[in-house]
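**Q** Below you'll find the structure I mean.
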Amino acid sequence: MTDPDLRDLPLPRPESFLYEERERVGVITLTRPDRFNALTFQVYRELTDLFTVIDRRAHAEGGARSLVLQGAGRAFCGGGDVDDIITRLFERDAEALLRFTRMTGELIHAMRRCKLPIVASVKRVAAGAGAVMALASDLRVMGKGSFFAFLFPQVGLSGADMGASWLLPRVVGLGHASEILLLGDRVSAERCAQIGLATQVVDDEPDREAVDRAAFALAKRLADGPHFAARMTKTMLQQELDMDFTAGIEAEAQAQALCMQHPDFAEADRARQQKRPPVWR
């Protein structure tokens, strides 16, 4: 049964980007195309708030069942805005800098904590903080001519930023992650596909919007599937990263037992017997 407090919990009304729900897919669009959708202090705060509320609404009927994170115009996200963020960091003392770096990390934490699967639509460039946001998504659709750039070392900063050195080895392995985060070079869509950083690579030469459409189609497939099971899968993938194998086996046993009690499990069996598509709750 849906908790009315969750159902009635209003979504934030962001001023620095767009959020809309279409066909049970929540679409987050960064809207600074003239700046490669660079992040500002306000974008960081509002994105964190949005993912936090969406996570709390995950059990509500009628809401989004999956998410797409995309950028308006030609690019996904070029990282932190030079004027709004980078130049202002030089005015801050050590304590203020730590508050900032913790704030940026909280966005990534909110994305990983969010129970809904997130699909990143990577057009042209995902650089700096934008690369980490795409990395923190569950699936990544890339255009053929797009690239990742964890460029922190090229500006004198650690490649270990916003959780990148925790997430990236778990996605592509320690060897590839060490190379990418130590050198800060561009990682092409072709190589991303080879090492597992890209879920899907789309030919976007004639039509850059093809990437957004492919990302939405993937998110729609997730939204149309068994929602409870998808939420449980993402939750377990995240939680088991900090468990040993024995604890993981036990955690999955408990999670699967819960799924077996959900109406979707019985519906799947009825649909199999009646030779029809299942109607997920």
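By order of appearance in the structure tokens: chains A, B, ..., then residues from 1 within every chain, and ligands from 1 in the order shown.
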Which polymer residues have any atom within 10 Å of an atom of A:Ser188, counting only C-alpha atoms, with same-chain residues fewer than 3 positions away left out, as a PyMOL selection string?

**A** chain A and resi 124-125+142-149+185+191-194+198

**Q** Those residues you just picked out, can you put them in a file as a PDB file, in the first residue's frame with C-alpha atoms?

**A**
ATOM      1  CA  ARG A 124      29.755  15.105 -26.927  1.00  0.00           C
ATOM      2  CA  VAL A 125      31.429  15.713 -23.566  1.00  0.00           C
ATOM      3  CA  MET A 142      27.025   7.650 -25.403  1.00  0.00           C
ATOM      4  CA  GLY A 143      27.139   9.270 -28.800  1.00  0.00           C
ATOM      5  CA  LYS A 144      29.698   7.881 -31.212  1.00  0.00           C
ATOM      6  CA  GLY A 145      31.706  11.110 -31.098  1.00  0.00           C
ATOM      7  CA  SER A 146      31.404  11.733 -27.358  1.00  0.00           C
ATOM      8  CA  PHE A 147      34.002  11.238 -24.648  1.00  0.00           C
ATOM      9  CA  PHE A 148      34.657  11.191 -20.914  1.00  0.00           C
ATOM     10  CA  ALA A 149      37.334  13.429 -19.423  1.00  0.00           C
ATOM     11  CA  ASP A 185      43.070  12.034 -20.810  1.00  0.00           C
ATOM     12  CA  ARG A 191      37.065   2.784 -25.580  1.00  0.00           C
ATOM     13  CA  CYS A 192      34.307   3.343 -23.022  1.00  0.00           C
ATOM     14  CA  ALA A 193      32.379   0.532 -24.689  1.00  0.00           C
ATOM     15  CA  GLN A 194      35.457  -1.705 -24.641  1.00  0.00           C
ATOM     16  CA  ALA A 198      29.430   2.773 -21.874  1.00  0.00           C
TER      17      ALA A 198
END

**Q** Could you list, with a cut-off of 9 Å and counting only C-alpha atoms, the residues of stretch 120-192 of chain A near stretch 92-112 of chain A, each shown with its nearest atom pair and the distance in Å rounded to one decimal, rows sorted by chain and ascending number, as JSON lines?

**A**
{"residue": "A:Ala129", "atom": "CA", "partner": "A:Thr104", "partner_atom": "CA", "distance": 8.3}
{"residue": "A:Val132", "atom": "CA", "partner": "A:Ile108", "partner_atom": "CA", "distance": 7.7}
{"residue": "A:Met133", "atom": "CA", "partner": "A:Ile108", "partner_atom": "CA", "distance": 6.6}
{"residue": "A:Ala136", "atom": "CA", "partner": "A:Ile108", "partner_atom": "CA", "distance": 6.3}
{"residue": "A:Ser137", "atom": "CA", "partner": "A:Met111", "partner_atom": "CA", "distance": 7.1}
{"residue": "A:Asp138", "atom": "CA", "partner": "A:Arg112", "partner_atom": "CA", "distance": 8.4}
{"residue": "A:Asp161", "atom": "CA", "partner": "A:Gly105", "partner_atom": "CA", "distance": 7.8}
{"residue": "A:Met162", "atom": "CA", "partner": "A:Gly105", "partner_atom": "CA", "distance": 4.4}
{"residue": "A:Gly163", "atom": "CA", "partner": "A:Gly105", "partner_atom": "CA", "distance": 6.6}

**Q** When you look at A:Pro12 with a cut-off of 10 Å (counting only C-alpha atoms), what residues show up, excluding the ones that are within fewer than 4 positions of it in the same chain? I need them as a list in words.

**A**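 Surrounding residues, per the criterion: Tyr19, Glu46, Leu47, Asp49, Leu50, Phe51, Thr52, Val53 and Ile54 of chain A.
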
**Q** Measuring atom to atom with only C-alpha atoms, identify which of A:Val211, A:Cys114, A:Met260, A:Leu151 is nearest to A:Arg74.

**A** A:Val211

**Q** Among stretch 85-250 of chain A, which residues does DSSP mark as helix (DSSP H, G or I) when it is run on the backbone? Keep the chain and numbering as in the structure and answer as a PyMOL selection string.

**A** chain A and resi 85-89+94-113+129-136+152-155+164-172+174-183+189-195+209-224+227-242+245-250

**Q** Quick one: distance from atom CA of A:Lys115 to atom CA of A:Ala229 in Å, one decimal?

**A**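 Distance between the two atoms: 10.6 Å.
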
**Q** Of the candidates A:Ser165, A:Phe150, A:Glu15, A:Gly156, which one gets nearest to A:Ile180 if we count only C-alpha atoms?

**A**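 Closest to A:Ile180 of all the choices is A:Phe150.
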
**Q** Could you give me, as a list in words, each residue of stretch 84-214 of chain A that DSSP assigns to strand (DSSP E) when run on this structure's backbone?

**A**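 Of stretch 84-214 of chain A, only Ile118, Val119, Ala120, Ser121, Val122, Val125, Ala126, Ala127, Leu139, Arg140, Val141, Met142, Gly143, Phe147, Phe148, Ala149, Arg186, Val187, Ser188, Gln200, Val201 and Val202 of chain A fall in strand (DSSP E).
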
**Q** As an exercise, work out the distance from atom CA of A:Pro14 to atom CA of A:Gln42 in Å and give it to one decimal place.

**A**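 Between atom CA of A:Pro14 and atom CA of A:Gln42 the gap is 9.2 Å.
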
**Q** Which of these residues is nearest to A:Ser121, using only C-alpha atoms: A:Thr48, A:Gln154, A:Thr246, A:Gln200?

**A** A:Gln200

**Q** Which neighbours of A:Val171 fall inside 9 Å, counting only C-alpha atoms, when residues of the same chain fewer than 5 positions from it are skipped, and could you give them as an mmCIF file with N, CA and C atoms, in the first residue's frame?

**A**
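Final file, out.cif:
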data_model
loop_
_atom_site.group_PDB
_atom_site.id
_atom_site.type_symbol
_atom_site.label_atom_id
_atom_site.label_comp_id
_atom_site.auth_asym_id
_atom_site.auth_seq_id
_atom_site.Cartn_x
_atom_site.Cartn_y
_atom_site.Cartn_z
ATOM 1 N N LEU A 135 29.213 8.726 -14.425
ATOM 2 C CA LEU A 135 29.728 7.508 -13.795
ATOM 3 C C LEU A 135 28.795 7.039 -12.689
ATOM 4 N N ALA A 177 40.984 2.260 -14.323
ATOM 5 C CA ALA A 177 40.666 3.425 -13.489
ATOM 6 C C ALA A 177 41.931 4.194 -13.130
ATOM 7 N N ILE A 195 35.761 -1.031 -22.316
ATOM 8 C CA ILE A 195 36.103 -1.271 -20.912
ATOM 9 C C ILE A 195 34.879 -1.313 -20.001
ATOM 10 N N GLY A 196 33.686 -1.158 -20.568
ATOM 11 C CA GLY A 196 32.465 -1.287 -19.778
ATOM 12 C C GLY A 196 31.940 0.006 -19.195
ATOM 13 N N LEU A 197 32.511 1.148 -19.597
ATOM 14 C CA LEU A 197 32.018 2.422 -19.079
ATOM 15 C C LEU A 197 30.764 2.873 -19.823
#

**Q** Of the candidates A:Arg57, A:Arg35, A:Arg272, A:Arg113, which one gets nearest to A:Phe76 if we count only C-alpha atoms?

**A**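 Among A:Arg57, A:Arg35, A:Arg272, A:Arg113, it is A:Arg35 that comes nearest to A:Phe76.
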
**Q** What's around A:Ala215 at 9 Å? Count only C-alpha atoms, leave out sequence neighbours fewer than 2 positions away in its own chain, and write the answer as a list in words.

**A** Val68, Leu69, Gln70, Val119, Ala120, Ser121, Val122, Leu139, Arg140, Val141, Met142, Gln200, Ala210, Val211, Asp212, Arg213, Ala217, Leu218, Ala219 and Lys220 of chain A

**Q** Next, the residues of the selection above should be written as a tab-separated table (two decimals), in the first residue's frame with all heavy atoms.

**A**
chain	number	residue	atom	x	y	z
A	68	VAL	N	16.25	9.75	-16.48
A	68	VAL	CA	17.24	10.09	-17.49
A	68	VAL	C	17.91	11.39	-17.07
A	68	VAL	O	17.23	12.35	-16.69
A	68	VAL	CB	16.60	10.26	-18.88
A	68	VAL	CG1	17.60	10.87	-19.87
A	68	VAL	CG2	16.10	8.93	-19.41
A	69	LEU	N	19.23	11.41	-17.13
A	69	LEU	CA	20.00	12.63	-16.86
A	69	LEU	C	20.65	13.04	-18.16
A	69	LEU	O	21.46	12.29	-18.72
A	69	LEU	CB	21.05	12.37	-15.78
A	69	LEU	CG	21.95	13.54	-15.37
A	69	LEU	CD1	21.12	14.72	-14.86
A	69	LEU	CD2	22.96	13.10	-14.32
A	70	GLN	N	20.31	14.22	-18.67
A	70	GLN	CA	20.79	14.66	-19.97
A	70	GLN	C	21.11	16.15	-19.96
A	70	GLN	O	20.79	16.86	-19.01
A	70	GLN	CB	19.74	14.37	-21.06
A	70	GLN	CG	18.44	15.15	-20.87
A	70	GLN	CD	17.37	14.78	-21.88
A	70	GLN	OE1	17.35	13.67	-22.41
A	70	GLN	NE2	16.46	15.70	-22.15
A	119	VAL	N	19.71	6.64	-16.07
A	119	VAL	CA	20.39	6.48	-17.35
A	119	VAL	C	20.97	7.83	-17.75
A	119	VAL	O	20.23	8.82	-17.87
A	119	VAL	CB	19.42	5.98	-18.45
A	119	VAL	CG1	20.16	5.83	-19.78
A	119	VAL	CG2	18.77	4.67	-18.04
A	120	ALA	N	22.28	7.91	-17.95
A	120	ALA	CA	22.92	9.14	-18.40
A	120	ALA	C	22.98	9.16	-19.92
A	120	ALA	O	23.37	8.17	-20.55
A	120	ALA	CB	24.32	9.26	-17.82
A	121	SER	N	22.58	10.29	-20.51
A	121	SER	CA	22.64	10.48	-21.95
A	121	SER	C	23.85	11.36	-22.26
A	121	SER	O	23.79	12.58	-22.11
A	121	SER	CB	21.35	11.14	-22.46
A	121	SER	OG	21.43	11.41	-23.84
A	122	VAL	N	24.96	10.74	-22.66
A	122	VAL	CA	26.23	11.46	-22.81
A	122	VAL	C	26.41	11.89	-24.25
A	122	VAL	O	26.80	11.10	-25.12
A	122	VAL	CB	27.42	10.59	-22.35
A	122	VAL	CG1	28.72	11.37	-22.49
A	122	VAL	CG2	27.21	10.16	-20.90
A	139	LEU	N	23.38	3.36	-15.85
A	139	LEU	CA	23.64	3.01	-17.24
A	139	LEU	C	24.03	4.27	-17.99
A	139	LEU	O	23.56	5.37	-17.66
A	139	LEU	CB	22.41	2.37	-17.89
A	139	LEU	CG	21.84	1.12	-17.20
A	139	LEU	CD1	20.53	0.70	-17.86
A	139	LEU	CD2	22.84	-0.03	-17.26
A	140	ARG	N	24.85	4.11	-19.04
A	140	ARG	CA	25.35	5.27	-19.78
A	140	ARG	C	25.23	5.03	-21.27
A	140	ARG	O	25.81	4.07	-21.81
A	140	ARG	CB	26.83	5.54	-19.42
A	140	ARG	CG	27.02	6.10	-18.02
A	140	ARG	CD	28.42	5.84	-17.49
A	140	ARG	NE	28.62	4.41	-17.20
A	140	ARG	CZ	28.20	3.80	-16.09
A	140	ARG	NH1	27.60	4.49	-15.14
A	140	ARG	NH2	28.40	2.50	-15.92
A	141	VAL	N	24.45	5.88	-21.95
A	141	VAL	CA	24.33	5.85	-23.39
A	141	VAL	C	25.20	6.98	-23.94
A	141	VAL	O	25.06	8.13	-23.52
A	141	VAL	CB	22.87	6.03	-23.84
A	141	VAL	CG1	22.78	6.09	-25.36
A	141	VAL	CG2	22.00	4.90	-23.30
A	142	MET	N	26.09	6.65	-24.88
A	142	MET	CA	27.03	7.65	-25.40
A	142	MET	C	26.85	7.81	-26.90
A	142	MET	O	26.54	6.86	-27.61
A	142	MET	CB	28.48	7.23	-25.11
A	142	MET	CG	28.81	7.11	-23.64
A	142	MET	SD	30.57	6.76	-23.36
A	142	MET	CE	31.32	8.32	-23.88
A	200	GLN	N	25.82	1.61	-24.01
A	200	GLN	CA	25.39	1.61	-25.41
A	200	GLN	C	26.03	2.79	-26.11
A	200	GLN	O	26.12	3.88	-25.54
A	200	GLN	CB	23.86	1.69	-25.48
A	200	GLN	CG	23.26	1.68	-26.87
A	200	GLN	CD	21.74	1.79	-26.82
A	200	GLN	OE1	21.12	1.70	-25.75
A	200	GLN	NE2	21.12	1.99	-27.96
A	210	ALA	N	19.71	11.71	-31.20
A	210	ALA	CA	19.55	10.25	-31.17
A	210	ALA	C	20.02	9.68	-29.84
A	210	ALA	O	19.50	8.66	-29.38
A	210	ALA	CB	20.33	9.63	-32.34
A	211	VAL	N	21.00	10.32	-29.22
A	211	VAL	CA	21.51	9.84	-27.93
A	211	VAL	C	20.43	9.99	-26.86
A	211	VAL	O	20.18	9.05	-26.09
A	211	VAL	CB	22.78	10.60	-27.52
A	211	VAL	CG1	23.36	10.03	-26.22
A	211	VAL	CG2	23.83	10.54	-28.62
A	212	ASP	N	19.79	11.15	-26.80
A	212	ASP	CA	18.73	11.37	-25.82
A	212	ASP	C	17.58	10.39	-26.04
A	212	ASP	O	17.00	9.87	-25.08
A	212	ASP	CB	18.21	12.80	-25.89
A	212	ASP	CG	19.21	13.82	-25.36
A	212	ASP	OD1	20.15	13.40	-24.65
A	212	ASP	OD2	19.07	15.02	-25.67
A	213	ARG	N	17.24	10.13	-27.30
A	213	ARG	CA	16.14	9.20	-27.58
A	213	ARG	C	16.49	7.78	-27.14
A	213	ARG	O	15.65	7.07	-26.58
A	213	ARG	CB	15.78	9.22	-29.07
A	213	ARG	CG	15.10	10.51	-29.52
A	213	ARG	CD	14.41	10.31	-30.87
A	213	ARG	NE	15.36	9.92	-31.91
A	213	ARG	CZ	16.04	10.78	-32.66
A	213	ARG	NH1	15.89	12.08	-32.47
A	213	ARG	NH2	16.86	10.35	-33.60
A	217	ALA	N	14.62	5.61	-24.29
A	217	ALA	CA	14.08	4.27	-24.59
A	217	ALA	C	14.57	3.25	-23.58
A	217	ALA	O	13.81	2.36	-23.15
A	217	ALA	CB	14.47	3.86	-26.01
A	218	LEU	N	15.83	3.36	-23.17
A	218	LEU	CA	16.38	2.43	-22.18
A	218	LEU	C	15.71	2.65	-20.83
A	218	LEU	O	15.34	1.69	-20.13
A	218	LEU	CB	17.88	2.63	-22.08
A	218	LEU	CG	18.70	1.58	-21.31
A	218	LEU	CD1	18.45	0.19	-21.87
A	218	LEU	CD2	20.18	1.92	-21.38
A	219	ALA	N	15.54	3.93	-20.45
A	219	ALA	CA	14.86	4.23	-19.19
A	219	ALA	C	13.40	3.79	-19.23
A	219	ALA	O	12.85	3.31	-18.23
A	219	ALA	CB	14.95	5.73	-18.89
A	220	LYS	N	12.76	3.93	-20.40
A	220	LYS	CA	11.36	3.50	-20.55
A	220	LYS	C	11.24	1.99	-20.40
A	220	LYS	O	10.28	1.48	-19.80
A	220	LYS	CB	10.85	3.93	-21.93
A	220	LYS	CG	9.40	3.58	-22.21
A	220	LYS	CD	8.45	4.43	-21.38
A	220	LYS	CE	7.02	4.37	-21.89
A	220	LYS	NZ	6.44	3.03	-21.96

**Q** Please indicate the distance in Å from atom CA of A:Leu237 to atom CA of A:Arg56, rounded to one decimal place.

**A**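 Result for atom CA of A:Leu237 versus atom CA of A:Arg56: 18.6 Å, one decimal.
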
**Q** Could you give me, as a PyMOL selection string, the residues within 10 Å of A:Glu20, counting only C-alpha atoms and dropping anything in the same chain fewer than 6 positions from it?

**A** chain A and resi 26-29+64+67

**Q** Filtering to N, CA, C and O atoms, could you give me those residues as a PDB file, in the first residue's frame?

**A**
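Contents of selection.pdb, freshly written:
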ATOM      1  N   GLY A  26      11.337   9.959 -15.324  1.00  0.00           N
ATOM      2  CA  GLY A  26      11.685  11.308 -14.923  1.00  0.00           C
ATOM      3  C   GLY A  26      12.888  11.782 -15.729  1.00  0.00           C
ATOM      4  O   GLY A  26      13.927  11.124 -15.750  1.00  0.00           O
ATOM      5  N   VAL A  27      12.746  12.920 -16.412  1.00  0.00           N
ATOM      6  CA  VAL A  27      13.802  13.433 -17.280  1.00  0.00           C
ATOM      7  C   VAL A  27      14.386  14.705 -16.664  1.00  0.00           C
ATOM      8  O   VAL A  27      13.684  15.707 -16.487  1.00  0.00           O
ATOM      9  N   ILE A  28      15.674  14.637 -16.328  1.00  0.00           N
ATOM     10  CA  ILE A  28      16.404  15.774 -15.770  1.00  0.00           C
ATOM     11  C   ILE A  28      17.269  16.350 -16.881  1.00  0.00           C
ATOM     12  O   ILE A  28      18.121  15.650 -17.432  1.00  0.00           O
ATOM     13  N   THR A  29      17.044  17.619 -17.218  1.00  0.00           N
ATOM     14  CA  THR A  29      17.781  18.248 -18.311  1.00  0.00           C
ATOM     15  C   THR A  29      18.556  19.457 -17.798  1.00  0.00           C
ATOM     16  O   THR A  29      17.964  20.421 -17.310  1.00  0.00           O
ATOM     17  N   ALA A  64       7.534   8.582 -11.178  1.00  0.00           N
ATOM     18  CA  ALA A  64       8.565   8.073 -12.076  1.00  0.00           C
ATOM     19  C   ALA A  64       9.096   6.733 -11.568  1.00  0.00           C
ATOM     20  O   ALA A  64       9.172   6.492 -10.362  1.00  0.00           O
ATOM     21  N   LEU A  67      14.924   7.182 -14.335  1.00  0.00           N
ATOM     22  CA  LEU A  67      15.347   8.557 -14.581  1.00  0.00           C
ATOM     23  C   LEU A  67      16.305   8.631 -15.756  1.00  0.00           C
ATOM     24  O   LEU A  67      17.083   7.709 -15.999  1.00  0.00           O
TER      25      LEU A  67
END
